[in-house]
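Participant: After the structure tokens below, expect a handful of questions from me.
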Amino acid sequence: MTLRPGANGPKVVALQKQLLKRGFNPGAIDGDFGPGTEAAVLAFQKSESLLADGAVGPRTAAALAKRKLPQPPQAAGQFTPAIVAQMFPHTPLGNIARNLPYVLGALAKAQLADRLMTLMALGTIRAETESFEPVAEGRSRYNTSPNGHAFDLYDNRRDLGNRGKPDGERFCGRGYVQLTGRANYTKYSKVLGLGGKLVAAPELACDPAIAGRLLAAFLKDKERAVKECLVAEDHAGARRLVNGGRHGIERFTEAFVIGARLVPES
């Protein structure tokens with residue numbers, strides 16, 4: 001059972017006594033999970049490098065009791081194609097059913113199958129590739145100059161690790177999260193244990209299994225920061241951590257809110 005602000009009773013009294021014993025004064029020991037108790041919980045969570053959400057779930061309770069922390073509860077299995085289809089109202093169900101197992105499998109392998117990170121992953125797909133298929137980036141005014149060859153504006157992007165033509169087109173965005181640039185293809189090829197395969201054959205980033213692993217690896221790098229944004233209901237902040245801007249924020253937020261309603265916290 002998770003204790004949250006607004007709770008009351010003997011379990012809150014026990015929590016308040018535990019917090020006080022650990023050096024985090026909740027104020028009156030009155031069984032009321034009010035602002036003082038919430039502030040003490042937040043301070044304790046920050047002290048223990050836990051996700052500071054102000055609620056006392058299994059991990060915070062274990063830390064208070066100085067027990068080994070359990071793994072976050074796995075929620076990915078609750079995200080069925082029927083549920084995800086409601087998060088993706090404009091996407092063919094067949095695309096979701098075909099590709100969802102790759103995404104959920106990759107999240108589980110990366111230990112990201114908890115509710116928040118599953119919602120984050122699916123919201124990211126909705127924002128980046130609403131078809132729920134890994135895709136290659138299309139030409140636009142942001143990557144191709146007027147009358148220029150495809151992706152010429154990427155060719156010499158040092159921030160992407162590109163070295164000139166044809167790097168722009170060769171390492172354009174691909175996958176669910178739009179992996180872009182020679183540097184990122186090189187980095188995540190190693191992270192996934194693929195050696196140099198993604199650099200030699202960048203189109204592999206659109207393979208559904210590899211695309212799912214790329215998404216999971218990218219989110220794993222930013223897991224704590226993403227969760228802190230989501231706990232604060234800062235959807236734009238979470239989106240910036242992935243995209244660097246607000247691209248697709250409306251689709252991301254809609255998918256996240258729908259999913260959070262359909263798969264509530266346990």
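Ordered as shown in the structure tokens, chains take letters A, B, and onward, while each chain numbers its residues from 1 and ligands are numbered from 1 in the order shown.
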Can you check which parts of region 128-240 of chain A lie within 12 Å of region 39-55 of chain A? Per residue, the shortest pair of atoms and distance in Å to one decimal, counting only C-alpha atoms, sorted by chain and number, as CSV.
Facilitator:
```
residue,atom,partner,partner_atom,distance
A:Glu223,CA,A:Leu51,CA,10.4
A:Arg224,CA,A:Leu51,CA,7.4
A:Ala225,CA,A:Leu51,CA,9.5
A:Val226,CA,A:Leu51,CA,10.5
A:Lys227,CA,A:Leu51,CA,7.4
A:Glu228,CA,A:Leu51,CA,6.8
A:Cys229,CA,A:Asp53,CA,10.3
A:Leu230,CA,A:Asp53,CA,9.7
A:Val231,CA,A:Asp53,CA,6.1
A:Ala232,CA,A:Asp53,CA,7.9
A:Glu233,CA,A:Asp53,CA,10.8
```
Participant: Apply DSSP to the backbone of this structure and, from region 165-215 of chain A, keep only the residues in alpha helix (DSSP H); write these as a list of chain:residue names.
Facilitator: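 Answer for region 165-215 of chain A, restricted to alpha helix (DSSP H): A:Asp167, A:Gly168, A:Glu169, A:Arg170, A:Arg182, A:Ala183, A:Asn184, A:Tyr185, A:Thr186, A:Lys187, A:Tyr188, A:Ser189, A:Lys190, A:Val191, A:Lys197, A:Leu198, A:Val199, A:Ala200, A:Pro208, A:Ala209, A:Ile210, A:Ala211, A:Gly212, A:Arg213, A:Leu214, A:Leu215.
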Participant: Would you output that residue set with N, CA and C atoms, as a PDB file, in the first residue's frame?
Facilitator:
```pdb
ATOM      1  N   ASP A 167      27.263  12.294 -44.854  1.00  0.00           N
ATOM      2  CA  ASP A 167      26.852  11.966 -43.494  1.00  0.00           C
ATOM      3  C   ASP A 167      25.447  12.451 -43.157  1.00  0.00           C
ATOM      4  N   GLY A 168      25.048  13.592 -43.700  1.00  0.00           N
ATOM      5  CA  GLY A 168      23.726  14.114 -43.393  1.00  0.00           C
ATOM      6  C   GLY A 168      22.623  13.126 -43.723  1.00  0.00           C
ATOM      7  N   GLU A 169      22.651  12.636 -44.976  1.00  0.00           N
ATOM      8  CA  GLU A 169      21.623  11.680 -45.398  1.00  0.00           C
ATOM      9  C   GLU A 169      21.855  10.309 -44.780  1.00  0.00           C
ATOM     10  N   ARG A 170      23.103   9.907 -44.676  1.00  0.00           N
ATOM     11  CA  ARG A 170      23.428   8.571 -44.169  1.00  0.00           C
ATOM     12  C   ARG A 170      22.996   8.399 -42.714  1.00  0.00           C
ATOM     13  N   ARG A 182      26.177  10.882 -36.926  1.00  0.00           N
ATOM     14  CA  ARG A 182      27.207   9.846 -36.830  1.00  0.00           C
ATOM     15  C   ARG A 182      27.579   9.546 -35.372  1.00  0.00           C
ATOM     16  N   ALA A 183      27.692  10.593 -34.540  1.00  0.00           N
ATOM     17  CA  ALA A 183      28.103  10.390 -33.147  1.00  0.00           C
ATOM     18  C   ALA A 183      27.109   9.522 -32.398  1.00  0.00           C
ATOM     19  N   ASN A 184      25.816   9.767 -32.587  1.00  0.00           N
ATOM     20  CA  ASN A 184      24.805   8.976 -31.888  1.00  0.00           C
ATOM     21  C   ASN A 184      24.717   7.552 -32.432  1.00  0.00           C
ATOM     22  N   TYR A 185      24.861   7.384 -33.739  1.00  0.00           N
ATOM     23  CA  TYR A 185      24.868   6.026 -34.304  1.00  0.00           C
ATOM     24  C   TYR A 185      26.055   5.238 -33.740  1.00  0.00           C
ATOM     25  N   THR A 186      27.191   5.927 -33.598  1.00  0.00           N
ATOM     26  CA  THR A 186      28.376   5.257 -33.065  1.00  0.00           C
ATOM     27  C   THR A 186      28.184   4.901 -31.593  1.00  0.00           C
ATOM     28  N   LYS A 187      27.697   5.853 -30.805  1.00  0.00           N
ATOM     29  CA  LYS A 187      27.514   5.637 -29.373  1.00  0.00           C
ATOM     30  C   LYS A 187      26.528   4.504 -29.094  1.00  0.00           C
ATOM     31  N   TYR A 188      25.355   4.570 -29.714  1.00  0.00           N
ATOM     32  CA  TYR A 188      24.322   3.595 -29.370  1.00  0.00           C
ATOM     33  C   TYR A 188      24.553   2.240 -30.023  1.00  0.00           C
ATOM     34  N   SER A 189      25.338   2.196 -31.071  1.00  0.00           N
ATOM     35  CA  SER A 189      25.744   0.896 -31.614  1.00  0.00           C
ATOM     36  C   SER A 189      26.560   0.147 -30.572  1.00  0.00           C
ATOM     37  N   LYS A 190      27.426   0.866 -29.863  1.00  0.00           N
ATOM     38  CA  LYS A 190      28.228   0.258 -28.806  1.00  0.00           C
ATOM     39  C   LYS A 190      27.364  -0.090 -27.602  1.00  0.00           C
ATOM     40  N   VAL A 191      26.454   0.825 -27.218  1.00  0.00           N
ATOM     41  CA  VAL A 191      25.577   0.583 -26.062  1.00  0.00           C
ATOM     42  C   VAL A 191      24.757  -0.687 -26.259  1.00  0.00           C
ATOM     43  N   LYS A 197      27.947  -1.988 -36.289  1.00  0.00           N
ATOM     44  CA  LYS A 197      26.915  -2.334 -37.283  1.00  0.00           C
ATOM     45  C   LYS A 197      26.004  -1.169 -37.634  1.00  0.00           C
ATOM     46  N   LEU A 198      25.629  -0.353 -36.645  1.00  0.00           N
ATOM     47  CA  LEU A 198      24.730   0.759 -36.943  1.00  0.00           C
ATOM     48  C   LEU A 198      25.414   1.824 -37.788  1.00  0.00           C
ATOM     49  N   VAL A 199      26.721   1.948 -37.651  1.00  0.00           N
ATOM     50  CA  VAL A 199      27.461   2.916 -38.462  1.00  0.00           C
ATOM     51  C   VAL A 199      27.609   2.385 -39.883  1.00  0.00           C
ATOM     52  N   ALA A 200      27.886   1.091 -40.006  1.00  0.00           N
ATOM     53  CA  ALA A 200      28.055   0.487 -41.327  1.00  0.00           C
ATOM     54  C   ALA A 200      26.725   0.359 -42.061  1.00  0.00           C
ATOM     55  N   PRO A 208      12.430  -3.064 -36.220  1.00  0.00           N
ATOM     56  CA  PRO A 208      11.605  -2.884 -35.015  1.00  0.00           C
ATOM     57  C   PRO A 208      12.284  -3.318 -33.721  1.00  0.00           C
ATOM     58  N   ALA A 209      13.003  -4.433 -33.742  1.00  0.00           N
ATOM     59  CA  ALA A 209      13.660  -4.908 -32.525  1.00  0.00           C
ATOM     60  C   ALA A 209      14.768  -3.955 -32.099  1.00  0.00           C
ATOM     61  N   ILE A 210      15.563  -3.505 -33.064  1.00  0.00           N
ATOM     62  CA  ILE A 210      16.656  -2.584 -32.750  1.00  0.00           C
ATOM     63  C   ILE A 210      16.102  -1.215 -32.371  1.00  0.00           C
ATOM     64  N   ALA A 211      15.060  -0.776 -33.061  1.00  0.00           N
ATOM     65  CA  ALA A 211      14.445   0.517 -32.734  1.00  0.00           C
ATOM     66  C   ALA A 211      13.918   0.523 -31.307  1.00  0.00           C
ATOM     67  N   GLY A 212      13.319  -0.583 -30.862  1.00  0.00           N
ATOM     68  CA  GLY A 212      12.841  -0.679 -29.491  1.00  0.00           C
ATOM     69  C   GLY A 212      13.977  -0.590 -28.494  1.00  0.00           C
ATOM     70  N   ARG A 213      15.083  -1.253 -28.796  1.00  0.00           N
ATOM     71  CA  ARG A 213      16.246  -1.220 -27.902  1.00  0.00           C
ATOM     72  C   ARG A 213      16.878   0.174 -27.877  1.00  0.00           C
ATOM     73  N   LEU A 214      16.890   0.847 -29.016  1.00  0.00           N
ATOM     74  CA  LEU A 214      17.432   2.209 -29.059  1.00  0.00           C
ATOM     75  C   LEU A 214      16.602   3.155 -28.197  1.00  0.00           C
ATOM     76  N   LEU A 215      15.296   3.039 -28.304  1.00  0.00           N
ATOM     77  CA  LEU A 215      14.419   3.875 -27.493  1.00  0.00           C
ATOM     78  C   LEU A 215      14.676   3.634 -26.009  1.00  0.00           C
TER      79      LEU A 215
END
```
Participant: Write down as a count of residues only the residues belonging to region 58-182 of chain A that are assigned strand (DSSP E) by DSSP computed on the backbone.
Facilitator: 4
Participant: I'd like the neighbourhood of Lys11 (chain A) as a CSV table (one decimal) with C-alpha atoms, in the first residue's frame, where a residue qualifies if any of its atoms comes within 10 Å (using only C-alpha atoms), though same-chain residues fewer than 4 positions away should be ignored.
Facilitator:
```
chain,number,residue,atom,x,y,z
A,3,LEU,CA,0.8,6.3,1.6
A,7,ALA,CA,-3.9,9.7,4.1
A,15,LEU,CA,5.4,6.5,9.2
A,16,GLN,CA,5.8,9.7,11.2
A,17,LYS,CA,7.6,7.9,14.0
A,31,GLY,CA,-1.6,10.3,11.9
A,32,ASP,CA,-2.4,13.0,9.4
A,33,PHE,CA,-0.3,12.9,6.2
```
Participant: Need the shell around Arg115 (chain A): protein/DNA/RNA residues with any atom at most 8 Å away, counting only C-alpha atoms. Skip same-chain ones fewer than 5 positions apart. Format as a VMD selection string?
Facilitator: chain A and resid 73 to 76 263 265
Participant: Any chance you can output those residues with C-alpha atoms as a PDB file, in the first residue's frame?
Facilitator:
```
ATOM      1  CA  PRO A  73       6.653  -2.604  -9.899  1.00  0.00           C
ATOM      2  CA  GLN A  74       6.407  -3.740 -13.505  1.00  0.00           C
ATOM      3  CA  ALA A  75       3.471  -2.236 -15.366  1.00  0.00           C
ATOM      4  CA  ALA A  76       4.351  -2.894 -19.009  1.00  0.00           C
ATOM      5  CA  VAL A 263      -3.394   2.334 -16.265  1.00  0.00           C
ATOM      6  CA  GLU A 265      -1.044   3.648 -10.103  1.00  0.00           C
TER       7      GLU A 265
END
```
Participant: Excluding Gly259 (chain A) and its own-chain neighbours fewer than 5 positions away, which residues fall within 8 Å of it when counting only C-alpha atoms? Please give them as a CSV table (one decimal) with N, CA and C atoms, in the first residue's frame.
Facilitator:
```
chain,number,residue,atom,x,y,z
A,83,ILE,N,-5.3,-1.1,-25.0
A,83,ILE,CA,-5.1,0.1,-24.2
A,83,ILE,C,-4.3,1.1,-25.0
A,84,VAL,N,-3.2,0.7,-25.6
A,84,VAL,CA,-2.3,1.6,-26.4
A,84,VAL,C,-3.0,2.2,-27.5
A,86,GLN,N,-5.9,3.3,-27.6
A,86,GLN,CA,-6.7,4.5,-27.1
A,86,GLN,C,-5.7,5.7,-26.9
A,87,MET,N,-4.4,5.4,-26.7
A,87,MET,CA,-3.4,6.5,-26.6
A,87,MET,C,-3.0,6.9,-28.0
A,119,LEU,N,4.8,4.8,-19.8
A,119,LEU,CA,4.1,5.9,-20.4
A,119,LEU,C,5.0,6.9,-21.1
```
Participant: I want to know what sits within 12 Å of Tyr154 (chain A), based on only C-alpha atoms, with residues of the same chain fewer than 2 positions away left out; could you give that as a PyMOL selection string?
Facilitator: chain A and resi 137+139-145+148-152+156-173+180-182
Participant: Could you list, as a list in words, every residue within 12 Å of Leu19 (chain A), counting only C-alpha atoms and ignoring same-chain residues fewer than 6 positions away?
Facilitator: Val12, Val13, Asn25, Pro26, Gly27, Ala28, Ile29, Gly36, Thr37, Glu38, Ala39, Ala40, Val41, Leu42, Ala43, Phe44, Gln45, Val56, Thr60, Ala61, Ala63, Leu64, Ala65 and Lys66 of chain A
Participant: Provide the CA of Val242 (chain A) to CA of Gly94 (chain A) distance in Å, to one decimal place.
Facilitator: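 That distance, rounded to one decimal, is 26.4 Å.
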Participant: Tell me, in Å to one decimal, how far CA of Tyr176 (chain A) is from CA of Asp155 (chain A).
Facilitator: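 About the pair CA of Tyr176 (chain A) and CA of Asp155 (chain A): they are 22.0 Å apart.
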Participant: What separation in Å, quoted to one decimal, exists between CA of Gly6 (chain A) and CA of Gly34 (chain A)?
Facilitator: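 These two atoms are separated by 6.2 Å.
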Participant: For Asp234 (chain A), which of A:Leu262, A:Leu104, A:Met120, A:Leu192 is the closest residue, counting only C-alpha atoms?
Facilitator: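 Closest to Asp234 (chain A), using only C-alpha atoms: A:Met120.
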Participant: Could you check the closest approach to Asn95 (chain A) for each of A:Pro134, A:Gly57, A:Pro146, A:Gly123 and tell me which residue wins, using only C-alpha atoms?
Facilitator: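 Using only C-alpha atoms, Asn95 (chain A) sits closest to A:Pro134.
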Participant: Pick from A:Ala97, A:Leu112, A:Ala255, A:Gln78: nearest to Lys220 (chain A), with only C-alpha atoms counted?
Facilitator: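 Of the candidates, the smallest distance to Lys220 (chain A) is held by A:Leu112.
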Participant: Hey, which of A:Phe132, A:Lys222, A:Lys21, A:Arg251 ends up closest to Leu93 (chain A)? Count only C-alpha atoms.
Facilitator: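 Closest to Leu93 (chain A) of all the choices is A:Phe132.
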